$ cat work27.pdb   # PDB, C-alpha atoms, pLDDT in the B column
ATOM      1  CA  MET A 247      98.953 111.113 115.675  1.00 48.00           C
ATOM      2  CA  SER A 248      99.435 112.914 112.385  1.00 72.00           C
ATOM      3  CA  ASP A 249      96.775 112.484 109.712  1.00 94.00           C
ATOM      4  CA  LEU A 250      99.708 112.165 107.280  1.00 98.00           C
ATOM      5  CA  LEU A 251     100.703 108.894 108.918  1.00 98.00           C
ATOM      6  CA  GLU A 252      97.193 107.522 108.474  1.00 98.00           C
ATOM      7  CA  LEU A 253      97.078 108.766 104.878  1.00 98.00           C
ATOM      8  CA  ALA A 254     100.399 107.068 104.085  1.00 98.00           C
ATOM      9  CA  VAL A 255      99.453 103.763 105.695  1.00 98.00           C
ATOM     10  CA  SER A 256      96.140 103.711 103.845  1.00 98.00           C
ATOM     11  CA  ALA A 257      97.770 104.655 100.521  1.00 98.00           C
ATOM     12  CA  HIS A 258     100.274 101.808 100.782  1.00 98.00           C
ATOM     13  CA  GLY A 259      97.684  99.119 101.472  1.00 98.00           C
ATOM     14  CA  GLY A 260      96.119  99.655 104.886  1.00 98.00           C
ATOM     15  CA  TRP A 261      97.018  98.697 108.443  1.00 98.00           C
ATOM     16  CA  ASP A 262      94.436  95.930 108.901  1.00 97.00           C
ATOM     17  CA  ARG A 263      95.571  94.104 105.765  1.00 97.00           C
ATOM     18  CA  TRP A 264      99.223  94.570 106.714  1.00 98.00           C
ATOM     19  CA  GLN A 265      98.543  92.826 110.017  1.00 97.00           C
ATOM     20  CA  THR A 266      97.525  89.662 108.151  1.00 97.00           C
ATOM     21  CA  LEU A 267     100.884  89.302 106.349  1.00 98.00           C
ATOM     22  CA  ARG A 268     103.439  86.671 107.321  1.00 98.00           C
ATOM     23  CA  THR A 269     106.248  87.329 104.821  1.00 98.00           C
ATOM     24  CA  VAL A 270     107.355  89.906 102.276  1.00 98.00           C
ATOM     25  CA  SER A 271     109.885  88.568  99.757  1.00 98.00           C
ATOM     26  CA  ALA A 272     111.509  90.107  96.703  1.00 98.00           C
ATOM     27  CA  HIS A 273     113.856  89.450  93.813  1.00 98.00           C
ATOM     28  CA  VAL A 274     116.365  92.304  93.995  1.00 98.00           C
ATOM     29  CA  SER A 275     119.353  93.696  92.155  1.00 98.00           C
ATOM     30  CA  ILE A 276     121.493  95.904  94.410  1.00 98.00           C
ATOM     31  CA  GLY A 277     124.354  98.102  93.235  1.00 98.00           C
ATOM     32  CA  GLY A 278     125.898 101.506  93.767  1.00 98.00           C
ATOM     33  CA  GLY A 279     129.199 102.945  94.881  1.00 97.00           C
ATOM     34  CA  VAL A 280     129.173 101.920  98.533  1.00 98.00           C
ATOM     35  CA  TRP A 281     129.649  98.182  97.929  1.00 98.00           C
ATOM     36  CA  PRO A 282     133.101  98.320  96.247  1.00 98.00           C
ATOM     37  CA  LEU A 283     134.227 100.681  99.028  1.00 97.00           C
ATOM     38  CA  LYS A 284     133.264  98.069 101.574  1.00 98.00           C
ATOM     39  CA  GLY A 285     134.848  95.172  99.693  1.00 98.00           C
ATOM     40  CA  TRP A 286     131.596  93.584  98.484  1.00 98.00           C
ATOM     41  CA  PRO A 287     131.015  94.547  94.832  1.00 97.00           C
ATOM     42  CA  ASP A 288     127.984  92.867  93.254  1.00 97.00           C
ATOM     43  CA  VAL A 289     127.351  90.709  96.341  1.00 98.00           C
ATOM     44  CA  PHE A 290     123.571  91.131  95.957  1.00 98.00           C
ATOM     45  CA  LYS A 291     123.425  91.943  92.254  1.00 98.00           C
ATOM     46  CA  ASP A 292     120.957  89.063  91.800  1.00 98.00           C
ATOM     47  CA  ALA A 293     119.428  87.889  95.065  1.00 98.00           C
ATOM     48  CA  GLN A 294     116.281  86.872  96.843  1.00 98.00           C
ATOM     49  CA  VAL A 295     115.412  88.664 100.077  1.00 98.00           C
ATOM     50  CA  SER A 296     112.655  87.971 102.574  1.00 98.00           C
ATOM     51  CA  ILE A 297     111.525  89.750 105.730  1.00 98.00           C
ATOM     52  CA  ASP A 298     109.122  89.241 108.584  1.00 98.00           C
ATOM     53  CA  PRO A 299     106.858  92.307 108.437  1.00 98.00           C
ATOM     54  CA  HIS A 300     106.179  92.286 112.188  1.00 97.00           C
ATOM     55  CA  ARG A 301     109.622  91.798 113.731  1.00 97.00           C
ATOM     56  CA  GLN A 302     113.139  92.572 112.557  1.00 98.00           C
ATOM     57  CA  HIS A 303     114.170  89.528 110.555  1.00 98.00           C
ATOM     58  CA  THR A 304     115.777  89.532 107.087  1.00 98.00           C
ATOM     59  CA  GLU A 305     117.364  86.819 104.925  1.00 98.00           C
ATOM     60  CA  TYR A 306     119.272  87.127 101.634  1.00 98.00           C
ATOM     61  CA  SER A 307     120.042  84.140  99.424  1.00 98.00           C
ATOM     62  CA  PRO A 308     122.285  82.948  98.026  1.00 97.00           C
ATOM     63  CA  PHE A 309     125.184  84.422  99.969  1.00 98.00           C
ATOM     64  CA  VAL A 310     128.616  84.123  98.287  1.00 96.00           C
ATOM     65  CA  GLN A 311     127.946  80.500  97.352  1.00 94.00           C
ATOM     66  CA  ALA A 312     124.954  78.293  96.655  1.00 96.00           C
ATOM     67  CA  GLY A 313     123.379  76.701  99.689  1.00 97.00           C
ATOM     68  CA  ARG A 314     124.075  79.560 102.099  1.00 98.00           C
ATOM     69  CA  HIS A 315     122.032  82.583 103.143  1.00 98.00           C
ATOM     70  CA  THR A 316     122.289  85.530 105.507  1.00 98.00           C
ATOM     71  CA  LEU A 317     120.309  85.934 108.704  1.00 98.00           C
ATOM     72  CA  PHE A 318     119.608  89.264 110.397  1.00 98.00           C
ATOM     73  CA  ASP A 319     117.650  89.595 113.611  1.00 97.00           C
ATOM     74  CA  ALA A 320     117.676  92.489 116.056  1.00 91.00           C
ATOM     75  CA  GLY A 321     120.865  91.857 118.029  1.00 94.00           C
ATOM     76  CA  ARG A 322     122.294  89.049 115.874  1.00 98.00           C
ATOM     77  CA  THR A 323     123.644  88.328 112.394  1.00 98.00           C
ATOM     78  CA  ALA A 324     124.757  85.034 110.849  1.00 98.00           C
ATOM     79  CA  VAL A 325     125.690  83.074 107.748  1.00 98.00           C
ATOM     80  CA  VAL A 326     123.576  79.916 107.688  1.00 98.00           C
ATOM     81  CA  THR A 327     123.436  76.908 105.390  1.00 98.00           C
ATOM     82  CA  ASP A 328     120.107  76.156 103.766  1.00 95.00           C
ATOM     83  CA  GLY A 329     120.034  73.117 106.048  1.00 95.00           C
ATOM     84  CA  GLY A 330     120.098  75.354 109.127  1.00 95.00           C
ATOM     85  CA  GLU A 331     123.760  75.018 110.186  1.00 97.00           C
ATOM     86  CA  VAL A 332     125.321  78.255 111.467  1.00 98.00           C
ATOM     87  CA  VAL A 333     128.592  78.900 109.604  1.00 98.00           C
ATOM     88  CA  GLU A 334     129.473  82.102 111.494  1.00 98.00           C
ATOM     89  CA  GLN A 335     127.580  84.637 113.565  1.00 98.00           C
ATOM     90  CA  ARG A 336     127.886  87.804 115.645  1.00 98.00           C
ATOM     91  CA  GLU A 337     125.956  88.923 118.698  1.00 98.00           C
ATOM     92  CA  GLU A 338     125.296  92.658 119.166  1.00 97.00           C
ATOM     93  CA  PRO A 339     126.577  93.408 115.662  1.00 98.00           C
ATOM     94  CA  ARG A 340     126.134  97.190 115.801  1.00 98.00           C
ATOM     95  CA  LYS A 341     128.971  97.445 118.330  1.00 97.00           C
ATOM     96  CA  ALA A 342     131.365  96.109 115.663  1.00 98.00           C
ATOM     97  CA  PHE A 343     131.009  99.391 113.715  1.00 98.00           C
ATOM     98  CA  ALA A 344     132.745 101.509 116.367  1.00 97.00           C
ATOM     99  CA  GLY A 345     135.190 103.890 114.713  1.00 96.00           C
ATOM    100  CA  HIS A 346     134.028 103.099 111.174  1.00 97.00           C
ATOM    101  CA  THR A 347     134.120 105.650 108.366  1.00 96.00           C
ATOM    102  CA  LEU A 348     132.681 105.492 104.862  1.00 94.00           C
ATOM    103  CA  THR A 349     135.774 103.697 103.525  1.00 95.00           C
ATOM    104  CA  THR A 350     136.268 101.176 106.358  1.00 98.00           C
ATOM    105  CA  PRO A 351     136.129  97.641 104.870  1.00 98.00           C
ATOM    106  CA  TRP A 352     133.405  95.324 106.083  1.00 98.00           C
ATOM    107  CA  ASP A 353     133.437  91.666 106.999  1.00 98.00           C
ATOM    108  CA  ALA A 354     130.433  89.467 106.263  1.00 98.00           C
ATOM    109  CA  GLN A 355     128.674  90.273 109.533  1.00 98.00           C
ATOM    110  CA  HIS A 356     128.965  94.033 108.969  1.00 98.00           C
ATOM    111  CA  LEU A 357     127.405  93.568 105.543  1.00 98.00           C
ATOM    112  CA  ILE A 358     124.606  91.354 106.840  1.00 98.00           C
ATOM    113  CA  TYR A 359     123.715  93.812 109.575  1.00 98.00           C
ATOM    114  CA  PHE A 360     123.553  96.887 107.341  1.00 98.00           C
ATOM    115  CA  THR A 361     121.686  95.259 104.482  1.00 98.00           C
ATOM    116  CA  GLY A 362     119.408  93.417 106.897  1.00 98.00           C
ATOM    117  CA  TYR A 363     118.081  96.357 108.847  1.00 98.00           C
ATOM    118  CA  ALA A 364     118.029  98.643 105.795  1.00 98.00           C
ATOM    119  CA  MET A 365     115.930  96.293 103.666  1.00 98.00           C
ATOM    120  CA  TRP A 366     113.601  95.578 106.576  1.00 98.00           C
ATOM    121  CA  THR A 367     113.075  99.332 106.996  1.00 98.00           C
ATOM    122  CA  TYR A 368     112.424  99.876 103.281  1.00 98.00           C
ATOM    123  CA  LEU A 369     109.940  97.023 102.890  1.00 98.00           C
ATOM    124  CA  THR A 370     107.964  97.901 106.044  1.00 98.00           C
ATOM    125  CA  THR A 371     107.678 101.671 105.430  1.00 98.00           C
ATOM    126  CA  PRO A 372     105.302 103.289 106.392  1.00 98.00           C
ATOM    127  CA  PHE A 373     103.747 100.526 108.500  1.00 98.00           C
ATOM    128  CA  LEU A 374     106.652 100.350 110.969  1.00 98.00           C
ATOM    129  CA  PHE A 375     105.796 103.901 112.080  1.00 98.00           C
ATOM    130  CA  LYS A 376     102.860 102.417 114.015  1.00 97.00           C
ATOM    131  CA  LEU A 377     105.037 100.019 116.019  1.00 97.00           C
ATOM    132  CA  PRO A 378     105.338 100.529 119.803  1.00 96.00           C
ATOM    133  CA  GLY A 379     107.843 103.203 120.743  1.00 97.00           C
ATOM    134  CA  VAL A 380     108.049 104.798 117.280  1.00 98.00           C
ATOM    135  CA  LYS A 381     107.099 108.491 117.306  1.00 98.00           C
ATOM    136  CA  SER A 382     106.163 110.578 114.288  1.00 97.00           C
ATOM    137  CA  GLU A 383     105.263 114.206 113.747  1.00 98.00           C
ATOM    138  CA  GLU A 384     104.510 116.172 110.628  1.00 98.00           C
ATOM    139  CA  VAL A 385     107.018 118.915 109.891  1.00 98.00           C
ATOM    140  CA  GLU A 386     107.115 121.662 107.275  1.00 97.00           C
ATOM    141  CA  PRO A 387     106.487 120.505 103.685  1.00 98.00           C
ATOM    142  CA  TRP A 388     109.141 120.362 100.998  1.00 98.00           C
ATOM    143  CA  ALA A 389     108.874 122.017  97.579  1.00 95.00           C
ATOM    144  CA  THR A 390     110.658 119.760  95.105  1.00 89.00           C
ATOM    145  CA  GLU A 391     112.867 120.720  92.188  1.00 81.00           C
ATOM    146  CA  GLU A 392     109.960 119.818  89.881  1.00 86.00           C
ATOM    147  CA  GLY A 393     107.527 122.150  91.636  1.00 89.00           C
ATOM    148  CA  GLU A 394     105.607 119.510  93.629  1.00 94.00           C
ATOM    149  CA  THR A 395     104.973 119.838  97.326  1.00 97.00           C
ATOM    150  CA  TRP A 396     105.672 116.800  99.500  1.00 98.00           C
ATOM    151  CA  ARG A 397     104.456 116.501 103.067  1.00 98.00           C
ATOM    152  CA  ARG A 398     107.027 115.250 105.554  1.00 98.00           C
ATOM    153  CA  LEU A 399     107.051 113.069 108.660  1.00 98.00           C
ATOM    154  CA  LYS A 400     109.900 113.246 111.149  1.00 98.00           C
ATOM    155  CA  VAL A 401     110.118 109.791 112.689  1.00 98.00           C
ATOM    156  CA  THR A 402     111.982 108.981 115.901  1.00 98.00           C
ATOM    157  CA  PHE A 403     112.881 105.328 116.470  1.00 98.00           C
ATOM    158  CA  PRO A 404     113.397 103.676 119.853  1.00 98.00           C
ATOM    159  CA  SER A 405     116.682 101.944 120.704  1.00 94.00           C
ATOM    160  CA  GLY A 406     115.045  98.542 120.244  1.00 94.00           C
ATOM    161  CA  ILE A 407     114.695  99.017 116.470  1.00 97.00           C
ATOM    162  CA  GLU A 408     117.866  98.609 114.400  1.00 98.00           C
ATOM    163  CA  THR A 409     117.896 101.273 111.698  1.00 98.00           C
ATOM    164  CA  HIS A 410     120.023 103.978 110.075  1.00 98.00           C
ATOM    165  CA  SER A 411     119.635 106.674 112.734  1.00 98.00           C
ATOM    166  CA  THR A 412     117.352 107.650 115.589  1.00 98.00           C
ATOM    167  CA  GLU A 413     115.691 110.465 113.610  1.00 98.00           C
ATOM    168  CA  GLN A 414     114.699 110.133 109.951  1.00 98.00           C
ATOM    169  CA  THR A 415     112.470 112.142 107.622  1.00 98.00           C
ATOM    170  CA  PHE A 416     110.018 110.668 105.125  1.00 98.00           C
ATOM    171  CA  TYR A 417     108.448 112.608 102.243  1.00 98.00           C
ATOM    172  CA  PHE A 418     105.018 111.798 100.770  1.00 98.00           C
ATOM    173  CA  ASP A 419     103.128 113.118  97.766  1.00 97.00           C
ATOM    174  CA  ALA A 420      99.578 114.423  97.914  1.00 96.00           C
ATOM    175  CA  SER A 421      98.133 110.899  97.748  1.00 98.00           C
ATOM    176  CA  GLY A 422     100.302 109.643 100.624  1.00 98.00           C
ATOM    177  CA  ILE A 423     102.823 107.660  98.561  1.00 98.00           C
ATOM    178  CA  LEU A 424     106.448 107.670  99.734  1.00 98.00           C
ATOM    179  CA  GLN A 425     108.804 109.689  97.518  1.00 98.00           C
ATOM    180  CA  ARG A 426     111.974 110.280  99.551  1.00 98.00           C
ATOM    181  CA  HIS A 427     113.582 109.150 102.809  1.00 98.00           C
ATOM    182  CA  ASP A 428     116.379 111.123 104.534  1.00 98.00           C
ATOM    183  CA  TYR A 429     118.702 109.801 107.235  1.00 98.00           C
ATOM    184  CA  SER A 430     122.228 109.583 108.553  1.00 98.00           C
ATOM    185  CA  ALA A 431     123.716 106.099 108.101  1.00 98.00           C
ATOM    186  CA  ASP A 432     125.419 106.045 111.490  1.00 98.00           C
ATOM    187  CA  VAL A 433     127.241 102.748 110.895  1.00 98.00           C
ATOM    188  CA  LEU A 434     128.991 104.392 107.919  1.00 97.00           C
ATOM    189  CA  GLY A 435     130.413 107.021 110.225  1.00 96.00           C
ATOM    190  CA  GLY A 436     127.439 109.327 109.704  1.00 96.00           C
ATOM    191  CA  THR A 437     126.079 110.486 106.358  1.00 96.00           C
ATOM    192  CA  SER A 438     123.552 112.925 104.982  1.00 97.00           C
ATOM    193  CA  SER A 439     121.568 110.676 102.657  1.00 98.00           C
ATOM    194  CA  ALA A 440     118.484 111.111 100.472  1.00 98.00           C
ATOM    195  CA  ASN A 441     116.869 107.835  99.422  1.00 98.00           C
ATOM    196  CA  TYR A 442     114.495 108.412  96.493  1.00 98.00           C
ATOM    197  CA  ALA A 443     111.648 105.907  96.102  1.00 98.00           C
ATOM    198  CA  THR A 444     110.169 105.719  92.579  1.00 98.00           C
ATOM    199  CA  GLU A 445     108.278 103.560  90.062  1.00 98.00           C
ATOM    200  CA  HIS A 446     105.675 102.373  92.533  1.00 98.00           C
ATOM    201  CA  LYS A 447     103.747  99.215  91.757  1.00 98.00           C
ATOM    202  CA  THR A 448     101.075  97.192  93.526  1.00 98.00           C
ATOM    203  CA  PHE A 449     101.809  93.662  94.746  1.00 98.00           C
ATOM    204  CA  GLY A 450      99.100  91.746  96.560  1.00 97.00           C
ATOM    205  CA  GLY A 451      97.236  94.947  97.324  1.00 98.00           C
ATOM    206  CA  PHE A 452     100.274  96.775  98.758  1.00 98.00           C
ATOM    207  CA  VAL A 453     102.132  99.617  97.068  1.00 98.00           C
ATOM    208  CA  PHE A 454     105.948  99.452  96.985  1.00 98.00           C
ATOM    209  CA  PRO A 455     108.518 101.591  95.166  1.00 98.00           C
ATOM    210  CA  THR A 456     110.393  99.307  92.773  1.00 98.00           C
ATOM    211  CA  LYS A 457     113.417 101.584  92.482  1.00 98.00           C
ATOM    212  CA  ARG A 458     115.441 103.230  95.221  1.00 98.00           C
ATOM    213  CA  ARG A 459     118.425 105.486  94.628  1.00 98.00           C
ATOM    214  CA  VAL A 460     120.481 106.925  97.469  1.00 98.00           C
ATOM    215  CA  TYR A 461     122.428 110.175  97.054  1.00 98.00           C
ATOM    216  CA  ALA A 462     124.397 112.449  99.329  1.00 98.00           C
ATOM    217  CA  ILE A 463     122.538 115.628 100.260  1.00 98.00           C
ATOM    218  CA  GLY A 464     124.138 118.905  99.202  1.00 96.00           C
ATOM    219  CA  GLU A 465     123.164 122.528  99.602  1.00 95.00           C
ATOM    220  CA  ASN A 466     119.524 123.537 100.065  1.00 95.00           C
ATOM    221  CA  ASN A 467     118.544 119.951 100.867  1.00 96.00           C
ATOM    222  CA  LEU A 468     119.106 118.908  97.236  1.00 96.00           C
ATOM    223  CA  PRO A 469     120.548 115.523  96.255  1.00 97.00           C
ATOM    224  CA  LEU A 470     123.959 115.275  94.581  1.00 97.00           C
ATOM    225  CA  ARG A 471     122.756 113.112  91.712  1.00 96.00           C
ATOM    226  CA  GLU A 472     126.091 112.660  89.938  1.00 96.00           C
ATOM    227  CA  ARG A 473     126.954 109.723  92.201  1.00 96.00           C
ATOM    228  CA  VAL A 474     124.643 106.905  93.357  1.00 98.00           C
ATOM    229  CA  ALA A 475     125.657 105.486  96.733  1.00 98.00           C
ATOM    230  CA  VAL A 476     123.109 102.657  96.705  1.00 98.00           C
ATOM    231  CA  ALA A 477     120.796 101.478  93.917  1.00 98.00           C
ATOM    232  CA  ILE A 478     118.048  98.934  94.593  1.00 98.00           C
ATOM    233  CA  ASP A 479     115.823  97.511  91.879  1.00 98.00           C
ATOM    234  CA  PHE A 480     112.926  95.338  93.004  1.00 98.00           C
ATOM    235  CA  LEU A 481     112.316  92.987  90.097  1.00 98.00           C
ATOM    236  CA  ASP A 482     109.374  91.285  91.794  1.00 98.00           C
ATOM    237  CA  ILE A 483     107.727  91.389  95.226  1.00 98.00           C
ATOM    238  CA  ASP A 484     105.551  88.732  96.827  1.00 98.00           C
ATOM    239  CA  VAL A 485     103.410  89.191  99.941  1.00 98.00           C
ATOM    240  CA  VAL A 486     101.979  86.214 101.814  1.00 97.00           C
TER     241      VAL A 486
END
$ encode --input "work27.pdb" --output "structure tokens"
Amino acid sequence: MSDLLELAVSAHGGWDRWQTLRTVSAHVSIGGGVWPLKGWPDVFKDAQVSIDPHRQHTEYSPFVQAGRHTLFDAGRTAVVTDGGEVVEQREEPRKAFAGHTLTTPWDAQHLIYFTGYAMWTYLTTPFLFKLPGVKSEEVEPWATEEGETWRRLKVTFPSGIETHSTEQTFYFDASGILQRHDYSADVLGGTSSANYATEHKTFGGFVFPTKRRVYAIGENNLPLRERVAVAIDFLDIDVV
């Protein structure tokens, strides 16, 4: 096991303390160019999201109208009333992306799946790297445009974890804090994406980036910053 993994886990709050958590919830504002392409502009511009830190489970509320929220679990998505009634759902939702490209419109279940697994990944990084079946290895460091050197972990996810792609790369500064996350968003038809994690703050003893900006990757592994694919602002985070 790489010492970088242990450094990152410790820097973000520590494995033992993470094991005591039951819920991570956040007030988020999500924007960027991908949502109008998919037919869902501003759908989560002002939303509450909560995850289970130990299994893949994500909820966003409200969803489209008051009294309804989304439900993502590994292998299932749904729209549910706040009283627990299932309005609509889909089993094995990843299969519904077959043949999709970046501009393919999404229905509600497509949206719930993508935003569910993505947010779960972001809020559990780097702790999910220690889950059964997840493999990580340190690869060559990256010299940034600003002259810093970031250490990198290549992480390979098992088929049982819903995420962007099987292999992803995570960049950490000298103190072990996440700075960048690269992946291919396979459900978008395959992308080359750099997700920058900035403005880190501490909530309940855990360190989270409060801004994420996703860009396409151009030549020399550099982001194409003129266009933001996804923008996530975490206005507040609560850990219980």
$ residues_around --input "work27.pdb" --residues "region 307-314 of chain A" --least-positions-apart "3" --cutoff "9 Å" --atoms "all atoms listed in the file" --output "PyMOL selection string"
chain A and resi 289-290+292-296+325-329+333
$ closest_residue --input "work27.pdb" --among "A:Ser248, A:Glu472, A:Ala257, A:Ala431" --to "His446 (chain A)" --atoms "all atoms listed in the file"
A:Ala257
$ closest_residue --input "work27.pdb" --among "A:His273, A:His410, A:Arg268, A:Lys284" --to "Asp298 (chain A)" --atoms "only C-alpha atoms"
A:Arg268
$ residues_around --input "work27.pdb" --residues "Leu348 (chain A)" --least-positions-apart "5" --cutoff "8 Å" --atoms "all atoms listed in the file" --output "JSON, numbers by chain"
{"A": [283, 434, 435]}
$ residues_around --input "work27.pdb" --residues "Glu394 (chain A)" --least-positions-apart "3" --cutoff "9 Å" --atoms "all atoms listed in the file" --output "list in words"
Trp388, Ala389, Thr390, Glu391, Asp419 and Ala420 of chain A
